[in-house]
file input.txt (compact mmCIF, C-alpha atoms and all ligand atoms)
# COMPACT_ATOMS: atom_id res chain seq x y z
CA MET M 1 1.50 20.13 -11.51
CA THR M 2 -0.82 22.72 -9.97
CA PRO M 3 0.25 24.55 -6.76
CA ALA M 4 -2.40 22.61 -4.83
CA GLN M 5 -1.10 19.27 -6.15
CA ALA M 6 2.43 20.33 -5.18
CA MET M 7 1.29 21.36 -1.70
CA LEU M 8 -0.41 18.02 -1.04
CA ARG M 9 2.49 16.10 -2.49
CA ALA M 10 4.87 17.96 -0.16
CA ALA M 11 2.62 17.11 2.79
CA THR M 12 2.16 13.41 2.01
CA GLY M 13 4.51 12.27 -0.75
CA LEU M 14 1.45 11.11 -2.73
CA SER M 15 1.32 11.65 -6.50
CA LEU M 16 -2.22 12.90 -6.73
CA SER M 17 -4.11 13.59 -9.90
CA ARG M 18 -5.46 17.05 -10.48
CA THR M 19 -8.99 15.64 -10.39
CA VAL M 20 -8.56 14.16 -6.92
CA VAL M 21 -6.97 17.33 -5.52
CA GLU M 22 -9.60 19.62 -7.00
CA ARG M 23 -12.39 17.44 -5.65
CA ALA M 24 -10.88 17.60 -2.14
CA ILE M 25 -10.50 21.37 -2.34
CA ARG M 26 -14.10 21.83 -3.50
CA HIS M 27 -15.24 19.68 -0.59
CA ARG M 28 -13.28 21.67 1.99
CA MET M 29 -14.28 24.99 0.46
CA ALA M 30 -17.93 24.03 0.85
CA ARG M 31 -17.30 22.99 4.46
CA THR M 32 -15.50 26.22 5.32
CA ALA M 33 -17.85 28.46 3.31
CA SER M 34 -14.97 29.65 1.13
CA ARG M 35 -15.77 31.06 -2.29
CA ASP M 36 -12.46 31.73 -3.93
CA PRO M 37 -10.04 28.81 -4.41
CA ASP M 38 -7.00 31.10 -4.56
CA ALA M 39 -7.95 32.83 -1.32
CA TYR M 40 -8.69 29.45 0.30
CA LEU M 41 -5.26 28.13 -0.66
CA ALA M 42 -3.46 31.33 0.30
CA ARG M 43 -4.90 31.21 3.84
CA ILE M 44 -4.54 27.50 4.45
CA THR M 45 -3.72 26.56 8.05
CA PRO M 46 -1.97 23.37 9.23
CA GLU M 47 -5.34 22.08 10.49
CA GLU M 48 -6.99 22.78 7.13
CA LEU M 49 -4.13 21.03 5.33
CA GLU M 50 -4.67 18.04 7.58
CA ALA M 51 -8.35 18.04 6.66
CA LEU M 52 -7.38 18.04 2.97
CA VAL M 53 -4.94 15.18 3.52
CA GLU M 54 -7.74 13.12 5.05
CA LEU M 55 -9.68 13.54 1.80
CA VAL M 56 -6.91 12.34 -0.51
CA VAL M 57 -5.54 9.32 1.37
CA VAL M 58 -6.78 5.81 0.58
CA PRO M 59 -7.35 4.08 3.92
CA GLU M 60 -8.35 0.78 2.31
CA SER M 61 -7.41 -2.29 4.35
CA TRP M 62 -8.86 -5.47 5.80
CA PHE M 63 -7.89 -8.24 8.18
CA TYR M 64 -5.64 -11.00 6.82
CA ARG M 65 -5.00 -9.11 3.57
CA ASP M 66 -2.50 -11.34 1.73
CA PRO M 67 -2.38 -13.85 4.59
CA GLN M 68 0.85 -15.47 3.41
CA ALA M 69 2.75 -12.33 4.45
CA PHE M 70 1.64 -12.72 8.07
CA GLN M 71 2.45 -16.42 8.07
CA ALA M 72 5.93 -15.75 6.70
CA ALA M 73 6.52 -12.99 9.26
CA ALA M 74 5.35 -15.24 12.11
CA GLU M 75 7.58 -18.08 10.95
CA TYR M 76 10.56 -15.74 10.95
CA ILE M 77 9.75 -14.27 14.36
CA VAL M 78 9.20 -17.68 15.96
CA ALA M 79 12.65 -18.72 14.74
CA ARG M 80 14.28 -15.49 15.93
CA LEU M 81 12.78 -15.70 19.40
CA ALA M 82 13.73 -19.36 19.71
CA ALA M 83 17.32 -18.42 18.88
CA ALA M 84 17.35 -15.55 21.42
CA PRO M 85 15.01 -16.39 24.32
CA GLU M 86 15.59 -13.06 26.08
CA ARG M 87 14.58 -10.98 23.07
CA VAL M 88 11.38 -9.11 22.28
CA ALA M 89 10.43 -9.03 18.59
CA ARG M 90 9.66 -5.61 17.14
CA ILE M 91 7.26 -5.17 14.25
CA LEU M 92 6.24 -2.00 12.42
CA SER M 93 3.15 -1.53 10.28
CA VAL M 94 3.39 1.63 8.16
CA PRO M 95 0.95 2.62 6.84
CA CYS M 96 -1.49 0.85 9.15
CA ALA M 97 -4.74 2.48 7.91
CA GLY M 98 -7.45 1.62 10.49
CA GLY M 99 -5.32 -0.97 12.31
CA GLU M 100 -6.37 -4.08 10.37
CA GLU M 101 -2.79 -4.99 9.44
CA PRO M 102 -1.09 -4.65 12.86
CA TYR M 103 -3.98 -6.34 14.65
CA THR M 104 -3.78 -9.23 12.17
CA MET M 105 -0.11 -9.57 13.00
CA ALA M 106 -0.94 -9.61 16.71
CA MET M 107 -3.53 -12.37 16.15
CA VAL M 108 -1.16 -14.45 14.05
CA LEU M 109 1.66 -14.16 16.59
CA THR M 110 -0.47 -15.15 19.55
CA GLU M 111 -1.92 -18.06 17.56
CA ALA M 112 1.66 -19.12 16.78
CA GLY M 113 2.13 -19.44 20.55
CA ILE M 114 4.23 -16.33 21.13
CA PRO M 115 3.53 -14.83 24.55
CA LEU M 116 2.18 -11.28 24.51
CA ASP M 117 5.23 -9.92 26.29
CA ARG M 118 7.61 -11.25 23.62
CA PHE M 119 6.53 -8.87 20.86
CA VAL M 120 5.81 -5.20 20.34
CA ILE M 121 3.90 -3.86 17.36
CA ASP M 122 4.14 -0.21 16.35
CA ALA M 123 1.64 1.09 13.83
CA VAL M 124 1.85 4.38 11.97
CA ASP M 125 -0.31 6.25 9.49
CA ILE M 126 -0.37 9.81 8.21
CA SER M 127 -4.11 9.99 8.74
CA GLN M 128 -5.14 11.08 12.23
CA ALA M 129 -8.67 9.79 11.55
CA CYS M 130 -7.26 6.34 10.76
CA ILE M 131 -5.19 6.33 13.94
CA GLU M 132 -8.20 7.29 16.05
CA ARG M 133 -10.30 4.51 14.48
CA ALA M 134 -7.49 2.01 14.94
CA LYS M 135 -7.08 2.82 18.62
CA ILE M 136 -10.76 2.25 19.22
CA GLY M 137 -10.59 -1.09 17.41
CA VAL M 138 -14.18 -1.42 16.25
CA TYR M 139 -14.81 -2.70 12.70
CA GLY M 140 -17.65 -3.22 10.27
CA ARG M 141 -18.16 -6.23 7.97
CA ASN M 142 -16.07 -4.69 5.21
CA ALA M 143 -12.94 -5.27 7.28
CA PHE M 144 -13.57 -9.04 7.14
CA ARG M 145 -13.23 -10.13 3.52
CA ASN M 146 -11.79 -13.60 3.93
CA GLN M 147 -13.84 -16.75 3.79
CA ASP M 148 -12.48 -18.20 7.01
CA LEU M 149 -13.71 -15.94 9.78
CA GLY M 150 -12.73 -18.19 12.68
CA PHE M 151 -10.33 -15.47 13.87
CA ARG M 152 -13.26 -13.13 14.34
CA GLU M 153 -14.86 -15.58 16.74
CA ARG M 154 -11.63 -15.94 18.66
CA HIS M 155 -10.45 -12.34 18.93
CA PHE M 156 -13.47 -10.04 18.65
CA THR M 157 -16.66 -9.41 20.54
CA THR M 158 -19.71 -8.15 18.72
CA SER M 159 -21.05 -4.80 19.68
CA GLY M 160 -24.20 -4.41 17.65
CA ASP M 161 -25.16 -6.36 14.54
CA ASP M 162 -22.46 -5.11 12.28
CA GLU M 163 -19.76 -4.08 14.70
CA PHE M 164 -16.88 -6.16 15.95
CA ARG M 165 -14.53 -5.00 18.67
CA ILE M 166 -11.04 -6.43 18.95
CA ASN M 167 -10.28 -7.91 22.37
CA ASP M 168 -8.38 -5.63 24.74
CA GLU M 169 -5.62 -8.15 25.21
CA LEU M 170 -4.58 -7.70 21.57
CA ARG M 171 -5.58 -4.07 21.27
CA THR M 172 -3.15 -3.09 23.96
CA ARG M 173 -0.27 -4.87 22.18
CA VAL M 174 -0.33 -2.33 19.33
CA ARG M 175 1.07 1.17 19.82
CA PHE M 176 -0.42 3.60 17.32
CA LYS M 177 1.10 6.89 16.19
CA GLN M 178 0.18 9.46 13.57
CA ALA M 179 3.25 10.21 11.44
CA ASN M 180 4.48 10.62 7.90
CA LEU M 181 6.85 7.86 6.84
CA LEU M 182 8.83 10.37 4.79
CA GLU M 183 9.53 12.72 7.67
CA SER M 184 11.97 12.29 10.52
CA GLU M 185 9.39 11.41 13.19
CA LEU M 186 10.34 7.73 13.15
CA ASP M 187 14.10 8.22 13.02
CA ALA M 188 14.53 7.48 16.72
CA ARG M 189 13.45 3.92 15.92
CA SER M 190 16.28 3.35 13.43
CA GLY M 191 17.50 -0.22 13.14
CA SER M 192 15.03 -1.58 15.65
CA TYR M 193 12.46 -3.53 13.64
CA ASP M 194 12.72 -7.22 12.92
CA VAL M 195 9.78 -7.05 10.52
CA ILE M 196 8.22 -4.10 8.71
CA PHE M 197 4.99 -4.15 6.77
CA CYS M 198 4.85 -1.31 4.27
CA ARG M 199 2.12 -2.49 1.94
CA ASN M 200 0.14 -0.54 -0.61
CA LEU M 201 1.74 2.84 -0.05
CA LEU M 202 4.63 2.96 -2.51
CA ILE M 203 2.17 2.46 -5.39
CA TYR M 204 0.96 5.99 -4.70
CA PHE M 205 4.45 7.53 -4.88
CA ASP M 206 6.53 8.59 -7.86
CA LYS M 207 9.99 7.10 -8.37
CA PRO M 208 12.06 9.60 -6.33
CA THR M 209 9.55 9.51 -3.45
CA THR M 210 9.52 5.71 -3.58
CA ALA M 211 13.31 5.72 -3.32
CA ALA M 212 13.14 8.14 -0.35
CA ALA M 213 10.53 5.95 1.37
CA ILE M 214 12.65 2.83 0.80
CA ALA M 215 15.66 4.61 2.30
CA LYS M 216 13.55 5.31 5.41
CA LEU M 217 12.43 1.70 5.63
CA ASP M 218 16.02 0.59 5.19
CA GLN M 219 16.97 2.82 8.11
CA LEU M 220 14.22 1.44 10.36
CA LEU M 221 14.81 -2.24 9.60
CA ARG M 222 17.28 -4.33 11.57
CA ARG M 223 20.30 -5.47 9.64
CA ASP M 224 18.76 -8.86 8.86
CA GLY M 225 15.09 -7.90 9.13
CA LEU M 226 12.27 -8.69 6.70
CA LEU M 227 10.15 -6.20 4.84
CA PHE M 228 6.72 -7.02 3.41
CA VAL M 229 5.27 -4.87 0.63
CA GLY M 230 2.33 -5.01 -1.75
CA TYR M 231 2.69 -7.33 -4.76
CA ALA M 232 2.97 -4.42 -7.20
CA GLU M 233 5.69 -2.88 -5.04
CA VAL M 234 8.27 -5.69 -5.08
CA PRO M 235 9.94 -4.38 -8.27
CA SER M 236 10.60 -0.96 -6.67
CA LEU M 237 12.30 -2.64 -3.72
CA CYS M 238 14.43 -4.76 -6.02
CA GLN M 239 15.58 -1.61 -7.80
CA ASN M 240 16.61 -0.15 -4.44
CA GLY M 241 18.87 -2.74 -2.82
CA PHE M 242 16.42 -5.44 -1.72
CA ALA M 243 15.91 -8.98 -2.98
CA PRO M 244 12.68 -11.02 -3.00
CA LEU M 245 12.23 -13.79 -0.44
CA PRO M 246 11.02 -17.17 -1.61
CA TYR M 247 7.78 -17.23 0.40
CA PRO M 248 5.01 -17.66 -2.19
CA LEU M 249 2.47 -14.81 -2.29
CA ALA M 250 3.95 -13.11 0.76
CA PHE M 251 5.75 -10.36 -1.20
CA GLY M 252 8.57 -10.22 1.31
CA VAL M 253 12.01 -8.80 0.61
CA THR M 254 15.26 -8.53 2.47
CA ARG M 255 18.49 -6.63 1.94
CA GLU M 256 20.34 -7.97 -1.05
CA SER M 257 23.62 -8.40 0.77
CA VAL M 258 22.38 -10.75 3.50
CA PRO M 259 22.01 -14.25 2.04
CA GLU M 260 19.94 -17.21 3.16
CA ARG M 261 17.98 -15.64 5.95
CA ARG M 262 14.81 -17.50 5.26
CA GLN M 263 15.75 -20.97 6.42
CA GLN M 264 16.93 -20.01 9.86
CA ALA M 265 16.91 -16.87 11.92
CA ARG M 266 20.40 -15.97 13.00
CA PRO M 267 21.51 -13.84 15.92
CA ALA M 268 21.53 -10.21 14.88
CA ALA M 269 23.78 -7.32 15.80
CA PRO M 270 22.61 -5.63 18.99
CA ALA M 271 19.90 -3.06 18.38
CA ARG M 272 20.66 0.60 18.97
CA PRO M 273 19.60 2.02 22.35
CA PRO M 274 15.82 2.06 22.68
CA ALA M 275 14.08 5.15 21.41
CA PRO M 276 11.34 6.99 23.29
CA PRO M 277 8.24 4.78 23.26
CA PHE M 278 5.19 5.38 21.14
CA ALA M 279 2.20 6.83 22.89
CA PRO M 280 0.60 4.02 24.92
CA PRO M 281 -2.66 2.60 23.63
CA ILE M 282 -5.73 4.39 24.95
CA ALA M 283 -8.03 2.92 27.59
CA PRO M 284 -10.94 0.69 26.44
CA ALA M 285 -13.46 2.63 24.36
CA PRO M 286 -16.32 2.09 22.03
CA ALA M 287 -12.61 1.19 6.41
CA ALA M 288 -14.01 3.38 0.03
CA PRO M 289 -12.84 1.98 -3.15
CA PRO M 290 -9.19 2.67 -3.71
CA ARG M 291 -8.34 5.98 -5.27
CA ARG M 292 -5.03 5.54 -6.93
CA ALA M 293 -2.31 8.01 -7.62
CA THR M 294 -0.62 8.93 -10.85
CA PRO M 295 -0.26 5.77 -12.90
CA PRO M 296 3.04 3.97 -12.55
CA ALA M 297 5.25 4.19 -15.61
CA PRO M 298 4.31 1.33 -17.95
CA PRO M 299 7.05 -1.03 -19.07
CA PRO M 300 8.60 -0.57 -22.48
CA PRO M 301 6.36 -1.66 -25.37
CA ALA M 302 6.29 -5.40 -25.92
CA ARG M 303 6.65 -5.04 -29.63
CA THR M 304 8.91 -2.60 -31.35
CA SER M 305 6.90 -0.13 -33.30
CA PRO M 306 7.86 0.28 -36.91
CA TRP M 307 6.94 3.96 -36.45
CA ALA M 308 9.53 5.13 -33.97
CA PRO M 309 8.18 8.70 -33.56
CA ALA M 310 4.76 7.27 -32.78
CA THR M 311 6.04 5.96 -29.43
CA ASP M 312 6.26 9.61 -28.40
CA LEU M 313 2.49 9.60 -28.48
CA LEU M 314 2.41 7.19 -25.55
CA ALA M 315 4.93 9.24 -23.59
CA GLU M 316 2.82 12.29 -24.33
CA ALA M 317 -0.31 10.42 -23.19
CA ARG M 318 1.34 9.69 -19.86
CA ARG M 319 2.51 13.26 -19.46
CA LEU M 320 -0.99 14.57 -20.13
CA ALA M 321 -2.45 12.05 -17.68
CA ASP M 322 -0.05 13.34 -15.02
CA LEU M 323 -1.32 16.84 -15.69
CA GLY M 324 -4.88 15.66 -15.22
CA GLN M 325 -5.69 16.22 -18.92
CA LEU M 326 -7.34 12.86 -19.23
CA ARG M 327 -9.33 13.45 -22.41
CA GLU M 328 -6.26 14.69 -24.27
CA ALA M 329 -4.26 11.73 -22.92
CA GLU M 330 -6.92 9.35 -24.20
CA GLY M 331 -6.76 11.07 -27.61
CA LYS M 332 -3.01 10.40 -27.80
CA CYS M 333 -3.55 6.73 -26.92
CA ARG M 334 -6.12 6.41 -29.68
CA ASP M 335 -3.81 8.13 -32.18
CA TYR M 336 -1.16 5.62 -31.21
CA LEU M 337 -3.56 2.70 -31.59
CA ALA M 338 -4.43 3.92 -35.07
CA LEU M 339 -0.75 3.38 -35.92
CA VAL M 340 -0.06 0.33 -33.75
CA PRO M 341 -3.41 -1.43 -33.27
CA ASP M 342 -2.04 -4.24 -31.09
CA SER M 343 -0.18 -2.07 -28.56
CA ALA M 344 -0.67 -3.62 -25.13
CA ASP M 345 0.75 -0.50 -23.50
CA ALA M 346 -1.76 1.81 -25.13
CA TYR M 347 -4.57 -0.36 -23.75
CA PHE M 348 -2.85 -0.38 -20.37
CA ILE M 349 -2.82 3.43 -20.28
CA LEU M 350 -6.43 3.60 -21.44
CA GLY M 351 -7.25 1.36 -18.48
CA LEU M 352 -5.50 3.74 -16.10
CA LEU M 353 -7.28 6.75 -17.57
CA ASN M 354 -10.66 5.13 -17.14
CA GLU M 355 -9.80 4.05 -13.63
CA LEU M 356 -9.02 7.65 -12.75
CA THR M 357 -12.47 8.69 -13.89
CA LYS M 358 -14.03 5.79 -11.97
CA LYS M 359 -15.14 3.93 -15.15
CA LEU M 360 -13.95 0.72 -13.61
CA GLN M 361 -15.73 -1.65 -15.99
CA LEU M 362 -14.07 0.05 -18.96
CA ALA M 363 -10.72 0.08 -17.15
CA GLU M 364 -11.06 -3.66 -16.60
CA ASP M 365 -11.92 -4.27 -20.26
CA TYR M 366 -8.84 -2.35 -21.41
CA TRP M 367 -6.52 -4.16 -19.02
CA LYS M 368 -7.97 -7.50 -20.12
CA ARG M 369 -7.29 -6.53 -23.72
CA CYS M 370 -3.78 -5.55 -22.67
CA ILE M 371 -3.01 -8.97 -21.17
CA TYR M 372 -4.67 -10.67 -24.14
CA LEU M 373 -2.12 -8.90 -26.34
CA GLN M 374 0.73 -9.30 -23.89
CA PRO M 375 0.00 -12.11 -21.39
CA ASP M 376 3.03 -11.21 -19.26
CA HIS M 377 2.10 -7.55 -18.76
CA TYR M 378 2.94 -7.41 -15.05
CA GLU M 379 1.39 -4.05 -14.24
CA ALA M 380 -1.90 -4.80 -16.00
CA LEU M 381 -2.13 -8.05 -14.02
CA CYS M 382 -1.49 -6.13 -10.80
CA HIS M 383 -4.15 -3.56 -11.60
CA LEU M 384 -6.66 -6.27 -12.50
CA ALA M 385 -5.87 -7.99 -9.20
CA LEU M 386 -6.40 -4.75 -7.28
CA LEU M 387 -9.71 -4.27 -9.04
CA ALA M 388 -10.80 -7.81 -8.20
CA GLU M 389 -9.84 -7.18 -4.57
CA THR M 390 -11.89 -4.01 -4.55
CA ASN M 391 -14.84 -6.04 -5.84
CA SER M 392 -14.24 -8.60 -3.06
CA ASP M 393 -13.51 -11.22 -5.73
CA VAL M 394 -10.84 -12.93 -3.65
CA ALA M 395 -10.42 -15.99 -5.91
CA THR M 396 -9.76 -13.91 -9.05
CA ALA M 397 -7.46 -11.54 -7.16
CA THR M 398 -5.45 -14.44 -5.75
CA ALA M 399 -5.10 -16.08 -9.18
CA LEU M 400 -4.02 -12.80 -10.80
CA LYS M 401 -1.53 -12.07 -8.06
CA ALA M 402 -0.05 -15.55 -8.35
CA ARG M 403 0.27 -15.07 -12.11
CA ALA M 404 1.90 -11.64 -11.64
CA ALA M 405 4.28 -13.10 -9.06
CA ARG M 406 5.30 -15.91 -11.47
CA ILE M 407 5.94 -13.37 -14.23
CA TYR M 408 7.93 -11.19 -11.90
CA LYS M 409 10.05 -14.14 -10.79
CA ARG M 410 10.66 -15.11 -14.41
CA GLN M 411 11.67 -11.56 -15.32
CA GLN M 412 14.07 -11.48 -12.36
CA ALA M 413 15.65 -14.74 -13.43
CA SER M 414 16.18 -13.70 -17.04
C1 LIG M 501 -4.14 1.49 1.03
S1 LIG M 501 -3.75 1.90 2.72
C2 LIG M 501 -2.69 0.57 3.12
C3 LIG M 501 -3.01 -0.04 4.46
C4 LIG M 501 -2.34 -1.39 4.76
N1 LIG M 501 -0.89 -1.29 4.76
C5 LIG M 501 -2.78 -2.44 3.77
O1 LIG M 501 -2.03 -2.78 2.84
O2 LIG M 501 -3.89 -2.94 3.92
C6 LIG M 501 -2.71 3.32 2.46
C7 LIG M 501 -2.52 4.18 3.73
O3 LIG M 501 -1.36 4.99 3.54
C8 LIG M 501 -1.49 6.14 4.37
N2 LIG M 501 -0.45 7.11 3.95
C9 LIG M 501 -0.42 7.85 2.80
N3 LIG M 501 0.72 8.58 2.76
C10 LIG M 501 1.43 8.28 3.88
C11 LIG M 501 2.69 8.70 4.38
N4 LIG M 501 3.46 9.57 3.71
N5 LIG M 501 3.11 8.20 5.56
C12 LIG M 501 2.34 7.33 6.27
N6 LIG M 501 1.13 6.90 5.84
C13 LIG M 501 0.68 7.35 4.65
C14 LIG M 501 -2.93 6.53 4.12
O4 LIG M 501 -3.44 7.35 5.14
C15 LIG M 501 -3.63 5.15 4.05
O5 LIG M 501 -4.20 4.81 5.29
call {"tool": "encode", "arguments": {"input": "input.txt", "output": "structure tokens", "more": "lines below"}}
Ligand SMILES: C[S@@+](CC[C@H](N)C(=O)[O-])C[C@H]1O[C@@H](n2cnc3c(N)ncnc32)[C@H](O)[C@@H]1O
result
Amino acid sequence: MTPAQAMLRAATGLSLSRTVVERAIRHRMARTASRDPDAYLARITPEELEALVELVVVPESWFYRDPQAFQAAAEYIVARLAAAPERVARILSVPCAGGEEPYTMAMVLTEAGIPLDRFVIDAVDISQACIERAKIGVYGRNAFRNQDLGFRERHFTTSGDDEFRINDELRTRVRFKQANLLESELDARSGSYDVIFCRNLLIYFDKPTTAAAIAKLDQLLRRDGLLFVGYAEVPSLCQNGFAPLPYPLAFGVTRESVPERRQQARPAAPARPPAPPFAPPIAPAPAAPPRRATPPAPPPPARTSPWAPATDLLAEARRLADLGQLREAEGKCRDYLALVPDSADAYFILGLLNELTKKLQLAEDYWKRCIYLQPDHYEALCHLALLAETNSDVATATALKARAARIYKRQQAS
């Protein structure tokens, strides 16, 4: 890992490829008229580091992304509030990107008949630019990728042809804050959230960082609360003390030790004393294809290679990819394929390498070959689904996610 990669990882937790980091540094050097990368890095200020962070984060989000998660959360909250009429439900969206996720939750809750004063939504992101955009609450067409746009009619006003402003009534229900999930800024909120959305962040972390992030989420969640993650993130949660909930396509989990919470919300232990509030929403005022982090570790090869030492080639390919030596990594994959021509994992890694260099069509072809060779290759299915989502191909993404979820469930059961 280069010093610059290490610096940005320390600031964000993100496993960033060398290519992404170097591109961000070049961009900032041009903006600050710096000539020497070493001198630029040696003199970096907190503000400059923040500017670099803005260039490496992936603020990709849209309204009603994976709608089943919001429905499941609303169902749970309705039941909890019915069981405790004096309570206020607390929801956290971290990371919230430009606010699409927390505002969706606010829309779903009001449409489920929950009065505005019965819920509080906190929303957090490391990106200050995202938080500013979210507070303003104005969105372009790209934030509306679902076919049914009735919610836009109900909760937004148009301001210009391609601009939609969320109604103030909902906007003021969400309290936004810039913070890093991995730092202690949210600790005061420990144990207070009934529902947490932490979707599409852990995929950018390595294993130890993922475990640290899950420990934070665990700390923030009420004893019997629900946590919603991205579909490729469920396995990490299950390796860290959580168990999947049986809501289809919602990708919800709960702590392993608390059984049967789905059917009926039960009274919870009293929350800890309230923490200092988030900054209040601001007064009325006027979302890039995903860049992904270091590839997740592929599962063990589906078939046992008759050439045991050759498997080292794949491990070496992954190591080189982590170092940003993509061409060398590709060479190792090809050497491996020369020995084991039907290796699904080698094709999976080739897909990741091409994705990193933005050759998305090639990446897709490799992942398709991977699932042709190994139809239950969970990670390849997840990556294909992400790609379909990026291309706004909702039907294909939904089908791939459903298939990945079935495979995951099967693997859990066996
Ligand atoms: C792909 S978006 C996910 C948004 C939303 N949860 C969703 O699924 O649509 C990832 C977001 O994570 C934020 N992020 C990255 N590292 C973070 C960290 N350590 N703490 C909080 N937010 C972080 C980025 O700024 C970016 O907006």
call {"tool": "residues_near_ligand", "arguments": {"input": "input.txt", "ligand": "ligand LIG 501 (chain M)", "cutoff": "9 Å", "atoms": "all atoms listed in the file", "output": "ChimeraX atom specification"}}
result
/M:11-14,53-54,56-66,93-102,124-131,178-183,197-202,204-205,213,229-230,290-292
call {"tool": "residues_around", "arguments": {"input": "input.txt", "residues": "M:Glu86", "least_positions_apart": "5", "cutoff": "12 Å", "atoms": "all atoms listed in the file", "output": "list in words"}}
result
Arg80, Leu81, Asp117, Arg118, Phe119 and Pro267 of chain M
call {"tool": "atom_distance", "arguments": {"input": "input.txt", "atom1": "atom CA of M:Ala329", "atom2": "atom CA of M:Asp365"}}
result
17.9 Å
call {"tool": "closest_residue", "arguments": {"input": "input.txt", "among": "M:Lys177, M:Ile121, M:Ala134, M:Thr172", "to": "M:Ile196", "atoms": "all atoms listed in the file"}}
result
M:Ile121
call {"tool": "residues_around", "arguments": {"input": "input.txt", "residues": "stretch 18-35 of chain M", "least_positions_apart": "3", "cutoff": "8 Å", "atoms": "only C-alpha atoms", "output": "list of chain:residue names"}}
result
M:Met1, M:Thr2, M:Ala4, M:Gln5, M:Leu8, M:Tyr40, M:Ala51, M:Leu52, M:Leu55, M:Val56, M:Asp322, M:Leu323, M:Gly324
call {"tool": "atom_distance", "arguments": {"input": "input.txt", "atom1": "atom CA of M:Lys207", "atom2": "atom CA of M:Ser236"}}
result
8.3 Å
call {"tool": "atom_distance", "arguments": {"input": "input.txt", "atom1": "atom CA of M:Leu170", "atom2": "atom CA of M:Leu149"}}
result
17.0 Å
call {"tool": "closest_residue", "arguments": {"input": "input.txt", "among": "M:Pro37, M:Ala243, M:Gln68, M:Asp161", "to": "M:Ala413", "atoms": "only C-alpha atoms"}}
result
M:Ala243
call {"tool": "closest_residue", "arguments": {"input": "input.txt", "among": "M:Val108, M:Ile114, M:Ile91, M:Leu381", "to": "M:Ala399", "atoms": "all atoms listed in the file"}}
result
M:Leu381
call {"tool": "closest_residue", "arguments": {"input": "input.txt", "among": "M:His377, M:Arg154, M:Arg327, M:Lys332", "to": "M:Tyr408", "atoms": "only C-alpha atoms"}}
result
M:His377
call {"tool": "residues_near_point", "arguments": {"input": "input.txt", "point": "(9.7, -16.7, 15.9)", "cutoff": "12 Å", "atoms": "only C-alpha atoms", "output": "PyMOL selection string"}}
result
chain M and resi 70-85+87-91+108-115+118-119+194-195+262+264-266
call {"tool": "closest_residue", "arguments": {"input": "input.txt", "among": "M:Thr210, M:Ser257, M:Asn142, M:Gln239", "to": "M:Gly225", "atoms": "only C-alpha atoms"}}
result
M:Ser257
call {"tool": "residues_around", "arguments": {"input": "input.txt", "residues": "M:Tyr366", "least_positions_apart": "6", "cutoff": "12 Å", "atoms": "all atoms listed in the file", "output": "MDAnalysis selection string"}}
result
chainID M and resid 333 342:355 359:360 372:373 380:381 383:384
call {"tool": "closest_residue", "arguments": {"input": "input.txt", "among": "M:Ala6, M:Pro341, M:Ala211, M:Leu387", "to": "M:Cys370", "atoms": "all atoms listed in the file"}}
result
M:Pro341
call {"tool": "decode", "arguments": {"input": "input.txt", "residues": "stretch 10-17 of chain M", "atoms": "N, CA, C and O atoms", "output": "tab-separated table (two decimals), in the first residue's frame"}}
result
chain	number	residue	atom	x	y	z
M	10	ALA	N	-6.83	5.56	6.40
M	10	ALA	CA	-6.95	5.96	7.81
M	10	ALA	C	-8.06	7.00	7.98
M	10	ALA	O	-8.76	7.02	8.99
M	11	ALA	N	-8.24	7.84	6.96
M	11	ALA	CA	-9.25	8.90	7.07
M	11	ALA	C	-10.66	8.40	6.86
M	11	ALA	O	-11.61	8.98	7.39
M	12	THR	N	-10.82	7.32	6.09
M	12	THR	CA	-12.17	6.90	5.69
M	12	THR	C	-12.51	5.45	6.02
M	12	THR	O	-13.68	5.10	6.08
M	13	GLY	N	-11.49	4.61	6.13
M	13	GLY	CA	-11.71	3.18	6.26
M	13	GLY	C	-11.77	2.48	4.91
M	13	GLY	O	-11.75	1.26	4.82
M	14	LEU	N	-11.85	3.25	3.81
M	14	LEU	CA	-12.05	2.66	2.49
M	14	LEU	C	-10.77	1.97	1.99
M	14	LEU	O	-9.68	2.52	2.11
M	15	SER	N	-10.94	0.78	1.40
M	15	SER	CA	-9.82	0.12	0.73
M	15	SER	C	-9.78	0.64	-0.69
M	15	SER	O	-10.57	0.24	-1.53
M	16	LEU	N	-8.89	1.55	-0.94
M	16	LEU	CA	-8.88	2.22	-2.25
M	16	LEU	C	-7.74	1.70	-3.10
M	16	LEU	O	-6.63	1.50	-2.60
M	17	SER	N	-8.01	1.51	-4.37
M	17	SER	CA	-6.94	1.05	-5.24
M	17	SER	C	-5.95	2.20	-5.47
M	17	SER	O	-6.31	3.38	-5.35
